[in-house]
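J.: What follows is final01.cif, made up of mmCIF, C-alpha atoms:
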data_model
#
loop_
_atom_site.label_atom_id
_atom_site.label_comp_id
_atom_site.auth_asym_id
_atom_site.auth_seq_id
_atom_site.Cartn_x
_atom_site.Cartn_y
_atom_site.Cartn_z
CA MET A 29 -93.77 66.81 65.29
CA GLY A 30 -94.38 64.87 68.52
CA MET A 31 -95.79 61.36 68.64
CA ALA A 32 -98.93 62.69 70.33
CA ARG A 33 -99.91 64.47 67.09
CA ILE A 34 -99.97 61.28 64.96
CA PRO A 35 -102.69 58.56 65.08
CA VAL A 36 -101.36 55.32 66.54
CA ALA A 37 -101.82 53.17 63.41
CA GLU A 38 -99.85 55.62 61.25
CA LEU A 39 -97.28 56.04 64.01
CA ARG A 40 -96.71 52.29 64.15
CA VAL A 41 -95.97 52.08 60.43
CA GLN A 42 -93.67 55.11 60.55
CA THR A 43 -91.79 53.74 63.56
CA GLN A 44 -91.44 50.16 62.34
CA VAL A 45 -90.73 50.90 58.66
CA PRO A 46 -89.17 54.37 58.50
CA GLY A 47 -87.52 53.80 55.12
CA LEU A 48 -90.83 53.19 53.35
CA VAL A 49 -92.81 56.12 54.72
CA ARG A 50 -90.17 58.78 55.27
CA ALA A 51 -91.11 62.04 53.56
CA GLU A 52 -88.39 63.39 51.29
CA ALA A 53 -88.10 66.64 49.40
CA ALA A 54 -89.06 66.54 45.75
CA THR A 55 -86.13 66.97 43.36
CA PRO A 56 -86.08 67.56 39.59
CA ALA A 57 -86.37 64.41 37.50
CA ARG A 58 -83.41 63.36 35.33
CA SER A 59 -84.95 60.37 33.52
CA ARG A 60 -88.25 58.58 33.06
CA ALA A 61 -87.59 56.53 36.22
CA ASP A 62 -86.76 59.73 38.10
CA LEU A 63 -89.99 61.26 36.80
CA ARG A 64 -92.06 58.55 38.48
CA VAL A 65 -90.06 58.95 41.71
CA TRP A 66 -90.58 62.70 41.51
CA ALA A 67 -94.34 62.23 41.10
CA GLU A 68 -94.48 59.96 44.15
CA ARG A 69 -92.57 62.50 46.27
CA ALA A 70 -94.36 65.61 45.00
CA PRO A 71 -96.37 67.40 47.72
CA VAL A 72 -99.49 67.45 45.47
CA SER A 73 -101.96 64.60 46.04
CA SER A 74 -102.54 62.02 43.33
CA GLY A 75 -106.19 63.06 43.03
CA ALA A 76 -105.23 66.69 42.47
CA MET A 77 -102.67 65.68 39.83
CA VAL A 78 -105.22 63.56 37.95
CA GLY A 79 -107.93 66.23 38.18
CA LEU A 80 -105.66 69.08 37.10
CA GLY A 81 -104.15 67.02 34.30
CA LEU A 82 -107.52 65.96 32.90
CA GLY A 83 -108.82 69.52 33.19
CA LEU A 84 -105.83 70.88 31.30
CA ALA A 85 -106.17 68.23 28.60
CA VAL A 86 -109.92 68.86 28.21
CA VAL A 87 -109.43 72.63 27.94
CA GLY A 88 -106.75 72.09 25.30
CA GLY A 89 -108.88 69.61 23.38
CA VAL A 90 -112.00 71.78 23.43
CA GLY A 91 -109.91 74.79 22.47
CA ALA A 92 -108.45 72.93 19.49
CA LEU A 93 -111.94 71.92 18.30
CA VAL A 94 -113.69 75.23 18.88
CA VAL A 95 -111.11 77.89 18.11
CA SER A 96 -110.21 78.38 14.49
CA GLY A 97 -107.65 80.65 12.94
CA VAL A 98 -105.34 80.74 15.96
CA GLY A 99 -102.34 80.07 13.77
CA PHE A 100 -99.40 77.76 14.23
CA PHE A 101 -98.39 79.00 17.68
CA GLY A 102 -101.97 78.89 18.95
CA MET A 103 -102.35 75.26 17.87
CA LEU A 104 -98.95 74.48 19.36
CA ALA A 105 -100.06 75.94 22.70
CA LEU A 106 -103.31 73.95 22.66
CA SER A 107 -101.57 70.70 21.74
CA THR A 108 -99.03 71.36 24.51
CA MET A 109 -101.90 71.71 27.00
CA ILE A 110 -103.30 68.37 25.88
CA THR A 111 -99.90 66.66 26.16
CA LEU A 112 -99.03 68.18 29.54
CA GLY A 113 -102.49 67.47 30.92
CA GLY A 114 -102.40 63.86 29.82
CA GLY A 115 -98.92 63.43 31.24
CA MET A 116 -99.88 64.95 34.58
CA ALA A 117 -102.97 62.74 34.85
CA PHE A 118 -100.85 59.67 34.04
CA LEU A 119 -98.31 60.63 36.74
CA GLY A 120 -101.18 61.07 39.19
CA VAL A 121 -102.33 57.52 38.49
CA LEU A 122 -98.76 56.25 38.93
CA LYS A 123 -98.47 58.12 42.21
CA ARG A 124 -101.70 56.58 43.52
CA LYS A 125 -100.55 53.09 42.53
CA GLY A 126 -97.12 53.70 44.07
CA ARG A 127 -98.68 54.84 47.35
CA LYS A 128 -100.82 51.70 47.56
CA ASP A 129 -97.81 49.49 46.81
CA GLN A 130 -95.78 51.37 49.43
CA GLU A 131 -98.45 50.89 52.10
CA ALA A 132 -98.72 47.18 51.28
CA GLU A 133 -94.95 46.77 51.57
CA ALA A 134 -94.96 48.68 54.86
CA LEU A 135 -97.57 46.35 56.32
CA LYS A 136 -95.62 43.28 55.17
CA ALA A 137 -92.45 44.63 56.77
CA LEU A 138 -94.04 45.05 60.21
CA PRO A 139 -92.63 42.63 62.79
CA PRO A 140 -94.74 39.57 63.63
CA ALA A 141 -97.51 40.19 66.13
CA SER A 142 -97.04 39.19 69.74
CA ALA A 143 -98.99 36.28 71.18
CA PRO A 144 -102.65 37.05 72.02
CA ALA A 145 -101.97 36.35 75.71
CA VAL A 146 -99.17 38.94 75.72
CA ILE A 147 -101.39 41.52 74.02
CA ALA A 148 -104.21 40.78 76.48
CA GLU A 149 -101.92 41.29 79.50
CA ARG A 150 -100.52 44.50 78.06
CA GLY A 151 -104.06 45.67 77.37
CA ARG A 152 -105.05 45.02 80.98
CA ARG A 153 -102.16 47.20 82.16
CA VAL A 154 -103.03 49.98 79.70
CA ILE A 155 -106.64 50.01 80.98
CA MET A 156 -105.40 50.22 84.57
CA VAL A 157 -103.25 53.25 83.75
CA LEU A 158 -106.03 54.97 81.79
CA GLU A 159 -108.56 54.41 84.58
CA GLN A 160 -106.07 55.81 87.09
CA HIS A 161 -104.93 58.87 85.10
CA GLY A 162 -107.74 59.54 82.60
CA ASP A 163 -107.01 60.59 79.01
CA LEU A 164 -103.33 60.18 78.09
CA THR A 165 -101.28 60.81 74.97
CA PHE A 166 -99.07 58.11 73.53
CA GLU A 167 -95.98 59.73 75.05
CA ARG A 168 -97.52 59.98 78.53
CA LEU A 169 -98.70 56.37 78.34
CA LEU A 170 -95.19 55.36 77.33
CA ALA A 171 -93.73 57.21 80.32
CA GLN A 172 -96.22 55.63 82.73
CA LEU A 173 -95.77 52.07 81.47
CA ARG A 174 -92.02 52.26 80.67
CA TRP A 175 -92.39 49.94 77.70
CA THR A 176 -90.72 50.08 74.31
CA GLU A 177 -92.48 52.16 71.66
CA GLY A 178 -93.12 49.06 69.57
CA ALA A 179 -94.84 47.21 72.42
CA LEU A 180 -97.17 50.10 73.21
CA LEU A 181 -97.95 50.78 69.55
CA GLU A 182 -98.83 47.14 68.90
CA THR A 183 -100.99 47.03 72.02
CA LEU A 184 -102.87 50.26 71.30
CA VAL A 185 -103.56 49.24 67.69
CA ALA A 186 -104.96 45.89 68.88
CA MET A 187 -107.02 47.53 71.64
CA LYS A 188 -108.38 50.17 69.28
CA ASP A 189 -109.39 47.50 66.73
CA ALA A 190 -111.08 45.52 69.51
CA GLY A 191 -112.95 48.60 70.77
CA ARG A 192 -111.27 48.55 74.19
CA VAL A 193 -109.77 52.03 73.88
CA VAL A 194 -110.85 55.12 71.99
CA GLU A 195 -108.37 57.28 70.10
CA ASP A 196 -109.63 60.87 70.19
CA LEU A 197 -108.27 64.21 69.00
CA ASP A 198 -107.99 66.86 71.70
CA LEU A 199 -109.10 69.96 69.82
CA GLU A 200 -107.38 72.31 72.27
CA THR A 201 -103.91 70.78 72.02
CA GLY A 202 -104.09 69.05 68.63
CA GLU A 203 -102.85 65.84 70.26
CA TRP A 204 -104.30 62.34 70.05
CA VAL A 205 -105.35 60.96 73.43
CA TYR A 206 -106.47 57.51 74.51
CA ARG A 207 -109.22 56.63 76.95
CA SER A 208 -110.78 53.45 78.20
CA GLN A 209 -113.99 52.39 76.46
CA LEU A 210 -115.35 51.56 79.94
CA GLU A 211 -114.99 55.22 80.90
CA LEU A 212 -117.07 56.24 77.89
CA GLY A 213 -119.74 53.71 78.80
CA ALA A 214 -119.97 55.34 82.22
CA GLY A 215 -120.78 58.75 80.70
CA GLY A 216 -117.23 59.98 80.15
CA PRO A 217 -116.11 62.78 77.83
CA MET A 218 -117.43 62.97 74.28
CA THR A 219 -115.20 61.68 71.48
CA LEU A 220 -114.31 63.66 68.35
CA ALA A 221 -116.88 61.63 66.40
CA ASP A 222 -119.55 62.42 69.03
CA ARG A 223 -118.73 66.14 68.90
CA GLN A 224 -118.89 66.14 65.08
CA ALA A 225 -122.25 64.32 65.12
CA GLN A 226 -123.62 66.78 67.69
CA ARG A 227 -122.51 69.72 65.55
CA LEU A 228 -124.31 68.28 62.48
CA SER A 229 -127.52 67.52 64.34
#
What does the file become when written as structure tokens?
T.:
Amino acid sequence: MGMARIPVAELRVQTQVPGLVRAEAATPARSRADLRVWAERAPVSSGAMVGLGLGLAVVGGVGALVVSGVGFFGMLALSTMITLGGGMAFLGVLKRKGRKDQEAEALKALPPASAPAVIAERGRRVIMVLEQHGDLTFERLLAQLRWTEGALLETLVAMKDAGRVVEDLDLETGEWVYRSQLELGAGGPMTLADRQAQRLS
């Protein structure tokens, strides 16, 4: 996947702290500690795990209360549903907590920010390039400016937060592009948010 297909804030974390956000294949758990690691790496979202687990537990619980005369194996199956559902919901909660802890650690591990004067000067140069060339992806901006990835990422994040540039998804290419906020004020192209609002209206 190219850099142009990832929003700049996420790209900065992935670039600066690859060890904390690298996606790894899920492997079978061998212990309780491995089970938590497996839950964090599983491709299913934490919300889906909690919802599915609670649903399974509720179905098992209601079945145990309502159904009578199912015999030993029927009750065993229902109690297994309750146990598995509760366990899955618990793992979903652990996964959500682990993700938040991971994101917090990733933000702490980012290198210290450059001086405001440096960011301002870089921002001025980014605006000049955008006004000259129009919408550009991260990779094309990087080629035009010939900076390090870290310098451009830090600058774009700061400019986006300050409202000086707009990060917009090009629906035709699936790539994120950047444009000067001044261009938008002059009646430039509509952003993704503008297009979505127009579609709803």
J.: For each of A:Met116, A:Leu104, A:Leu197, A:Leu181, take the minimum atom-to-atom distance to Asp163 in chain A, counting all atoms listed in the file, then give the residue where this is smallest.
T.: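 Looking only at the distances to Asp163 in chain A, the closest residue turns out to be A:Leu197.
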J.: Near Ile155 in chain A, within 10 Å and counting all atoms listed in the file, which residues show up once chain neighbours fewer than 3 positions away are dropped, as a PDB file with C-alpha atoms, in the coordinates of the input?
T.:
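Printed below is selection.pdb as written:
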ATOM      1  CA  ARG A 150    -100.520  44.500  78.060  1.00  0.00           C
ATOM      2  CA  GLY A 151    -104.060  45.670  77.370  1.00  0.00           C
ATOM      3  CA  ARG A 152    -105.050  45.020  80.980  1.00  0.00           C
ATOM      4  CA  LEU A 158    -106.030  54.970  81.790  1.00  0.00           C
ATOM      5  CA  GLU A 159    -108.560  54.410  84.580  1.00  0.00           C
ATOM      6  CA  GLN A 160    -106.070  55.810  87.090  1.00  0.00           C
ATOM      7  CA  HIS A 161    -104.930  58.870  85.100  1.00  0.00           C
ATOM      8  CA  GLY A 162    -107.740  59.540  82.600  1.00  0.00           C
ATOM      9  CA  MET A 187    -107.020  47.530  71.640  1.00  0.00           C
ATOM     10  CA  ARG A 192    -111.270  48.550  74.190  1.00  0.00           C
ATOM     11  CA  VAL A 193    -109.770  52.030  73.880  1.00  0.00           C
ATOM     12  CA  TYR A 206    -106.470  57.510  74.510  1.00  0.00           C
ATOM     13  CA  ARG A 207    -109.220  56.630  76.950  1.00  0.00           C
ATOM     14  CA  SER A 208    -110.780  53.450  78.200  1.00  0.00           C
ATOM     15  CA  GLN A 209    -113.990  52.390  76.460  1.00  0.00           C
ATOM     16  CA  LEU A 210    -115.350  51.560  79.940  1.00  0.00           C
ATOM     17  CA  GLU A 211    -114.990  55.220  80.900  1.00  0.00           C
TER      18      GLU A 211
END
J.: For range 74-91 of chain A, please output as number ranges by chain all residues within 7 Å (counting all atoms listed in the file; exclusion window: fewer than 6 positions along the same chain).
T.: A: 106-107, 109-111, 113-114, 116-117, 120-121, 123-124
J.: Could you tell me how far CA of Val65 in chain A lies from CA of Leu39 in chain A, in Å and to one decimal?
T.: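 Rounded to one decimal, the two atoms are 23.6 Å apart.
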J.: Taking all atoms listed in the file into account, name the residue in A:Gln172, A:Glu167, A:Thr108, A:Ala186 that is nearest to Val146 in chain A.
T.: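 Under the stated criterion, the closest residue is A:Ala186.
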J.: Quick one, how far is CA of Thr165 in chain A from CA of Trp204 in chain A?
T.: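 Answer for the CA of Thr165 in chain A to CA of Trp204 in chain A separation: 6.0 Å.
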J.: Between CA of Ala190 in chain A and CA of Glu149 in chain A, measure the distance and give it in Å to one decimal.
T.: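 One can read the CA of Ala190 in chain A to CA of Glu149 in chain A distance as 14.2 Å.
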J.: Could you list as a VMD selection string every residue that has an atom within 12 Å of (-104.1, 65.0, 71.6), using the file's coordinates and counting all atoms listed in the file?
T.: chain A and resid 30 to 36 163 to 168 194 to 207 219 to 220
